[in-house]
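Working notes, structure below.
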Amino acid sequence: MRTGEPLPAVEDVLAALGTGLWHWDTATGLVTVDAVAARLLGLPAAQVTLTEAQVRARLHPVDWNEITGVVRLAVAEGTLAEVRIRIMDDHKHVVRVVRSRSKPSFDSVRRAYVLTGTLQEVTDPMPGTPAGRRAVTGDWRRSREAFLLDAGRALAEARSTQEVLRVAANLSMPGFSPDGLAVFGVEGAHLTIIGHHGHEPGADNPFYMPLDTDYPAAEVVRTGRAVYLSSPEQYKARYPLTWPLAQRFGRQSWAFLPLTASGRTMGAWLAAFAYPVAFTPDERSVLTTVARMLAQALSRAGTAESERALSEGLQRTMLPKLGAGIPGMSIAARYVPTGGGLQVGGDWYDVIPLPNGRFAMVIGDVQGHDVRAAGLMGQLRIALRAYSSEGHRPDAVLSRASRFLHGINEADPAELRFATCLYVEVDPVSGVLEVARAGHPDPVIRMADGTVLARPTAGGLPLGIDPDADYPTTRFVLESGETVLICTDGLIETGGHDLESGWQRLRALLEGHKGTQEELADALVQAVHGPSSHHTTGPLADRREDDIAMMLLSREGEGCGCGAESAPPPARRTMLTVAQAEPERVSVARQQLRELLHDWSSPDQVDSAVLLLSEVLTNVLVHTDTDALLLAEVTGGDDGRRIRIEVTDAGDDLPHVRRPGELASSGRGLVLIELLAHTWGVAPRGRGKSIWFELYETEETDAG
């Protein structure tokens, strides 16, 4: 072109460079291509407008999905969109590779993408091409490096042999992807197959053979050297005896590579190809690297599976099977080990038949999450069974168990451990529960109507700390339709929670659950370990950082979810003893009452009930030398619900209403009851008395 002449048209320049133009509007779903772009797509060389379906039929399906992702990313970042596309013929064979470059934009009114770009053929090596015949481009090398990084990450994250095999089956090597894979292992003097992909069912049967067989995988295991077979003729000539095993699959090339870990050949990996592969040095390098990563992943997975089998077997021997046929009651239990190490720890539960016809529920947690904790757990569980079977009461059982664990600690001072424990003796006929607690979380009661109360119980030190520790017993009744939950702290605190926030997470689930007892047990575990647990208070810590053991005991009746339905009991009831030496339990009683009235319609009435309860309990502690027994009961009828609160003591003096002066420090208890309660009274007992009052539920309090 001489100086001063006009520049040629852009289309002519692009055509001379073998570059086509195309335009795509996703709103209309139409793609317009010029003659060069049409030729590159395998169409007649003429400008044409195509539908998205027509264009998509010419492209590799993986590349079509990549285009849509690249376009969205380019629009978000305001950059060019560039992607390599494999063009397919009518027989779904790759005929060429083209590079597409475009500047996409997004029309917010039509909510559509608009793209105008170029299409140009690029040089890539075809499968089976020797390295000397066509150069390996830098882009292809970079894609292989990226492939190896992705494959290494995926294999490193695989936790089981099956996951490793699944990752290996999905590997897509750039430029030469096998369509048949097999992983061989060694059992004694025989070659076995661990897993395969791309073979017909039953294809693994012929692969159980002696290692001295004239078979490529067997030779690889014997020698530790890879075998590459580029053609069926080469396979048949080198291994004529076993060629029929490979012939029926119709493959064209095979690579058998050793799986070596820690200097030991543990098996072989077969990559089979449906087309001829020359196995150039570059291709052999990729295959060798993948084989090394695969061997390391299989070795790690095998070790992890052995550890899991060991821990699961250990836990199965140490955790009991729940006994069936407890009259009028049902039990569900769950044990979830920690996610780290050998997955063994010190949590356990047990159900023990007792000589008096009752049974005991035991749950505990030995300090630590290791083999020693699991061993101590087994010893402590056996000791508790022995003491229970001798007929000892709950407090005596825990006292003896504490002395037993303390003796073990004295024998090995370098490994001091303690254990928390909750021991519940259950009378299935009356529903009476007698609870002794050693540093363990309190039991939780779910009433027939879904109301949930944490049941405060007296307790002592964890087992193993003081050989002379005392463990007082708390007695209460499990009513018909009620369920008691006992658990280790892992159920409460897992996920970064403390006892308070973790309990609130579980409380909401317990109150709202409508299914069976077994479904409730599963839901409690899911609330801690499932995705929903990430939406509650607490850092996103490992969901499996502590063992979990829990038991649910239900007394048959309406609302328990255990199958048998009967007439409902009084809607809600709670009992609590406040001893003279434990005035702090007055605050516990107030909290129990608030939980009992959690859905009461009038907050003012709740405050009034709590105030009156405090007055009555305090009067017992101040004016008598006896303990106070609280009974609070919510009942419903045609005229609405009512709360009846009764406090009983063994004092002989009956209370009477006084008119205290303005500066008097006492004497207002009965005055307040008379003002705030709808009805009240004093009932003499054979020994002592009880003071009771009632409040009727109203939208706005009208007492006083």
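All residue names refer to the structure tokens as shown: chains lettered A, B, ... in order, residues numbered from 1 in each chain, ligands numbered from 1 in order.
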
For A:Glu479, list every protein, DNA or RNA residue within 9 Å, evaluated using only C-alpha atoms, and leave out those in the same chain fewer than 5 positions away; present the list as a PyMOL selection string.
chain A and resi 430-432+447-448+555-557+569-570+573

Using DSSP on the backbone, list every residue of stretch 209-342 of chain A that comes out as alpha helix (DSSP H), and give them as a PyMOL selection string.
chain A and resi 216-223+232-238+243-247+281-318

Just the residues within 12 Å of A:Leu171, please, counting only C-alpha atoms, with nothing from its chain fewer than 4 positions along; format it as a VMD selection string.
chain A and resid 144 147 to 155 164 to 167 176 to 181 197 271 286 to 287 290 to 291 294

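Residue nearest A:Leu510, chosen from A:Gln252, A:Thr289, A:Thr451, A:Thr457 and counting only C-alpha atoms: A:Thr451.
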
Applying 6 Å and only C-alpha atoms, which residues near A:Val98 remain after dropping the ones on its own chain fewer than 4 positions away? List them as a PyMOL selection string.
chain A and resi 84-85+120-122

Selection near stretch 184-187 of chain A, 7 Å with only C-alpha atoms, sequence-local residues under 3 positions removed, as number ranges by chain:
A: 190-194, 266-269

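Residues in contact with stretch 387-398 of chain A at 7 Å, where only C-alpha atoms are counted and same-chain residues fewer than 6 positions away are skipped, are listed as A:Leu354, A:Pro355, A:Tyr423, A:Glu425, A:Val435, A:Ala436, A:Tyr471, A:Pro472, A:Thr473.
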
May I have the residues from that selection written out with N, CA, C and O atoms, as a PDB file, in the first residue's frame?
```pdb
ATOM      1  N   LEU A 354     -31.852 -52.387  87.220  1.00  0.00           N
ATOM      2  CA  LEU A 354     -31.532 -52.398  88.644  1.00  0.00           C
ATOM      3  C   LEU A 354     -32.249 -53.556  89.345  1.00  0.00           C
ATOM      4  O   LEU A 354     -33.296 -54.030  88.890  1.00  0.00           O
ATOM      5  N   PRO A 355     -31.707 -54.008  90.471  1.00  0.00           N
ATOM      6  CA  PRO A 355     -32.313 -55.144  91.185  1.00  0.00           C
ATOM      7  C   PRO A 355     -33.729 -54.888  91.680  1.00  0.00           C
ATOM      8  O   PRO A 355     -34.516 -55.824  91.843  1.00  0.00           O
ATOM      9  N   TYR A 423     -26.513 -39.254  86.919  1.00  0.00           N
ATOM     10  CA  TYR A 423     -27.073 -40.577  87.177  1.00  0.00           C
ATOM     11  C   TYR A 423     -28.543 -40.402  87.533  1.00  0.00           C
ATOM     12  O   TYR A 423     -28.880 -39.667  88.468  1.00  0.00           O
ATOM     13  N   GLU A 425     -32.037 -42.529  88.414  1.00  0.00           N
ATOM     14  CA  GLU A 425     -32.756 -43.765  88.682  1.00  0.00           C
ATOM     15  C   GLU A 425     -34.225 -43.534  88.360  1.00  0.00           C
ATOM     16  O   GLU A 425     -34.847 -42.585  88.859  1.00  0.00           O
ATOM     17  N   VAL A 435     -32.222 -38.078  90.832  1.00  0.00           N
ATOM     18  CA  VAL A 435     -31.077 -37.608  90.059  1.00  0.00           C
ATOM     19  C   VAL A 435     -29.932 -37.262  90.995  1.00  0.00           C
ATOM     20  O   VAL A 435     -30.115 -36.535  91.984  1.00  0.00           O
ATOM     21  N   ALA A 436     -28.743 -37.779  90.674  1.00  0.00           N
ATOM     22  CA  ALA A 436     -27.498 -37.370  91.330  1.00  0.00           C
ATOM     23  C   ALA A 436     -26.578 -36.832  90.247  1.00  0.00           C
ATOM     24  O   ALA A 436     -26.444 -37.434  89.176  1.00  0.00           O
ATOM     25  N   TYR A 471     -22.820 -36.444  96.947  1.00  0.00           N
ATOM     26  CA  TYR A 471     -23.642 -36.161  95.780  1.00  0.00           C
ATOM     27  C   TYR A 471     -25.111 -36.249  96.180  1.00  0.00           C
ATOM     28  O   TYR A 471     -25.721 -37.323  96.146  1.00  0.00           O
ATOM     29  N   PRO A 472     -25.710 -35.116  96.597  1.00  0.00           N
ATOM     30  CA  PRO A 472     -27.112 -35.127  97.023  1.00  0.00           C
ATOM     31  C   PRO A 472     -28.038 -35.531  95.878  1.00  0.00           C
ATOM     32  O   PRO A 472     -27.719 -35.362  94.697  1.00  0.00           O
ATOM     33  N   THR A 473     -29.183 -36.053  96.242  1.00  0.00           N
ATOM     34  CA  THR A 473     -30.143 -36.569  95.262  1.00  0.00           C
ATOM     35  C   THR A 473     -31.335 -35.619  95.149  1.00  0.00           C
ATOM     36  O   THR A 473     -31.854 -35.137  96.158  1.00  0.00           O
TER      37      THR A 473
END
```

So that I can see what lies close to A:Trp24, please list as a PDB file with C-alpha atoms, in the first residue's frame the residues with an atom at most 9 Å from it, counting only C-alpha atoms and leaving out residues fewer than 5 positions away in the same chain.
```
ATOM      1  CA  GLY A  29     -31.386 -15.001  21.426  1.00  0.00           C
ATOM      2  CA  LEU A  30     -29.763 -14.386  18.016  1.00  0.00           C
ATOM      3  CA  VAL A  31     -26.081 -14.512  16.984  1.00  0.00           C
ATOM      4  CA  THR A  32     -24.914 -12.842  13.745  1.00  0.00           C
ATOM      5  CA  VAL A  33     -21.593 -14.022  12.248  1.00  0.00           C
ATOM      6  CA  GLU A  52     -28.351 -19.643  20.352  1.00  0.00           C
ATOM      7  CA  TYR A 113     -26.207  -9.004  27.587  1.00  0.00           C
ATOM      8  CA  VAL A 114     -24.966  -7.538  24.296  1.00  0.00           C
ATOM      9  CA  LEU A 115     -21.630  -8.732  22.892  1.00  0.00           C
ATOM     10  CA  THR A 116     -19.608  -7.913  19.794  1.00  0.00           C
ATOM     11  CA  GLY A 117     -16.358  -9.745  19.335  1.00  0.00           C
TER      12      GLY A 117
END
```

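As for atom CA of A:Glu674 and atom CA of A:Ala632, they are spaced 18.4 Å apart.
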
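You will find atom CA of A:Leu298 at 12.6 Å from atom CA of A:Pro258.
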
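Of the listed residues (A:Ala255, A:Ala523, A:Leu631, A:Ala454), A:Ala255 comes nearest to A:Ala217; the distances count only C-alpha atoms.
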
Can you list, as a compact mmCIF listing (two decimals) with C-alpha atoms, in the first residue's frame, all residues belonging to stretch 240-474 of chain A that DSSP tags as strand (DSSP E or B)?
```txt
# COMPACT_ATOMS: atom_id res chain seq x y z
CA SER A 253 -3.97 -46.35 24.12
CA TRP A 254 -3.13 -47.29 27.70
CA ALA A 255 -0.90 -45.94 30.47
CA PHE A 256 -0.14 -48.08 33.55
CA LEU A 257 1.66 -46.12 36.28
CA PRO A 258 2.94 -47.21 39.71
CA LEU A 259 1.25 -45.82 42.83
CA THR A 260 4.19 -45.24 45.16
CA ALA A 261 3.96 -43.82 48.70
CA ARG A 264 6.60 -48.56 48.55
CA THR A 265 4.61 -49.47 45.45
CA MET A 266 1.10 -49.93 46.79
CA GLY A 267 -0.65 -50.52 43.47
CA ALA A 268 -1.06 -49.29 39.92
CA TRP A 269 -3.17 -46.74 38.05
CA LEU A 270 -4.59 -47.40 34.59
CA ALA A 271 -5.54 -44.54 32.26
CA ALA A 272 -7.15 -45.81 29.04
CA PHE A 273 -7.86 -43.62 25.98
CA MET A 329 -41.54 -45.40 78.57
CA SER A 330 -39.27 -45.07 75.55
CA ILE A 331 -35.63 -44.05 75.19
CA ALA A 332 -33.67 -42.55 72.29
CA ALA A 333 -29.94 -41.84 72.39
CA ARG A 334 -27.25 -40.42 70.12
CA TYR A 335 -23.46 -40.41 70.23
CA VAL A 336 -21.46 -38.20 67.84
CA ASP A 347 -18.42 -39.18 76.36
CA TRP A 348 -20.70 -42.14 77.05
CA TYR A 349 -24.25 -43.12 77.99
CA ASP A 350 -25.69 -46.26 79.52
CA VAL A 351 -28.99 -47.88 80.50
CA ILE A 352 -28.68 -50.21 83.49
CA PRO A 353 -31.38 -52.59 84.83
CA PHE A 359 -33.54 -48.86 85.66
CA ALA A 360 -30.80 -46.23 85.64
CA MET A 361 -29.84 -43.78 82.90
CA VAL A 362 -26.21 -42.68 83.07
CA ILE A 363 -24.44 -40.10 80.94
CA GLY A 364 -20.95 -38.76 81.44
CA ASP A 365 -17.89 -37.09 79.97
CA VAL A 366 -14.29 -37.98 80.81
CA ALA A 419 -15.24 -36.85 84.68
CA THR A 420 -18.66 -35.26 84.86
CA CYS A 421 -21.64 -37.56 85.27
CA LEU A 422 -25.41 -37.52 85.64
CA TYR A 423 -27.07 -40.58 87.18
CA VAL A 424 -30.88 -40.93 86.99
CA GLU A 425 -32.76 -43.77 88.68
CA VAL A 426 -36.14 -44.19 86.98
CA VAL A 432 -40.33 -40.81 89.67
CA LEU A 433 -36.78 -39.75 88.75
CA GLU A 434 -34.02 -39.59 91.36
CA VAL A 435 -31.08 -37.61 90.06
CA ALA A 436 -27.50 -37.37 91.33
CA ARG A 437 -25.17 -35.01 89.50
CA ALA A 438 -21.37 -34.70 89.43
CA VAL A 444 -34.17 -30.55 80.77
CA ILE A 445 -37.90 -31.33 80.81
CA ARG A 446 -40.13 -30.94 77.76
CA VAL A 452 -39.39 -26.55 78.22
CA LEU A 453 -37.84 -26.17 81.67
CA ALA A 454 -34.25 -26.65 82.73
CA GLY A 459 -24.84 -31.61 92.56
CA GLY A 460 -21.30 -32.27 93.65
CA LEU A 463 -15.76 -37.54 89.65
CA THR A 473 -30.14 -36.57 95.26
CA THR A 474 -32.94 -34.55 93.65
```

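Taking atom CA of A:Glu163 and atom CA of A:Glu519 as the two end points, the separation is 29.1 Å.
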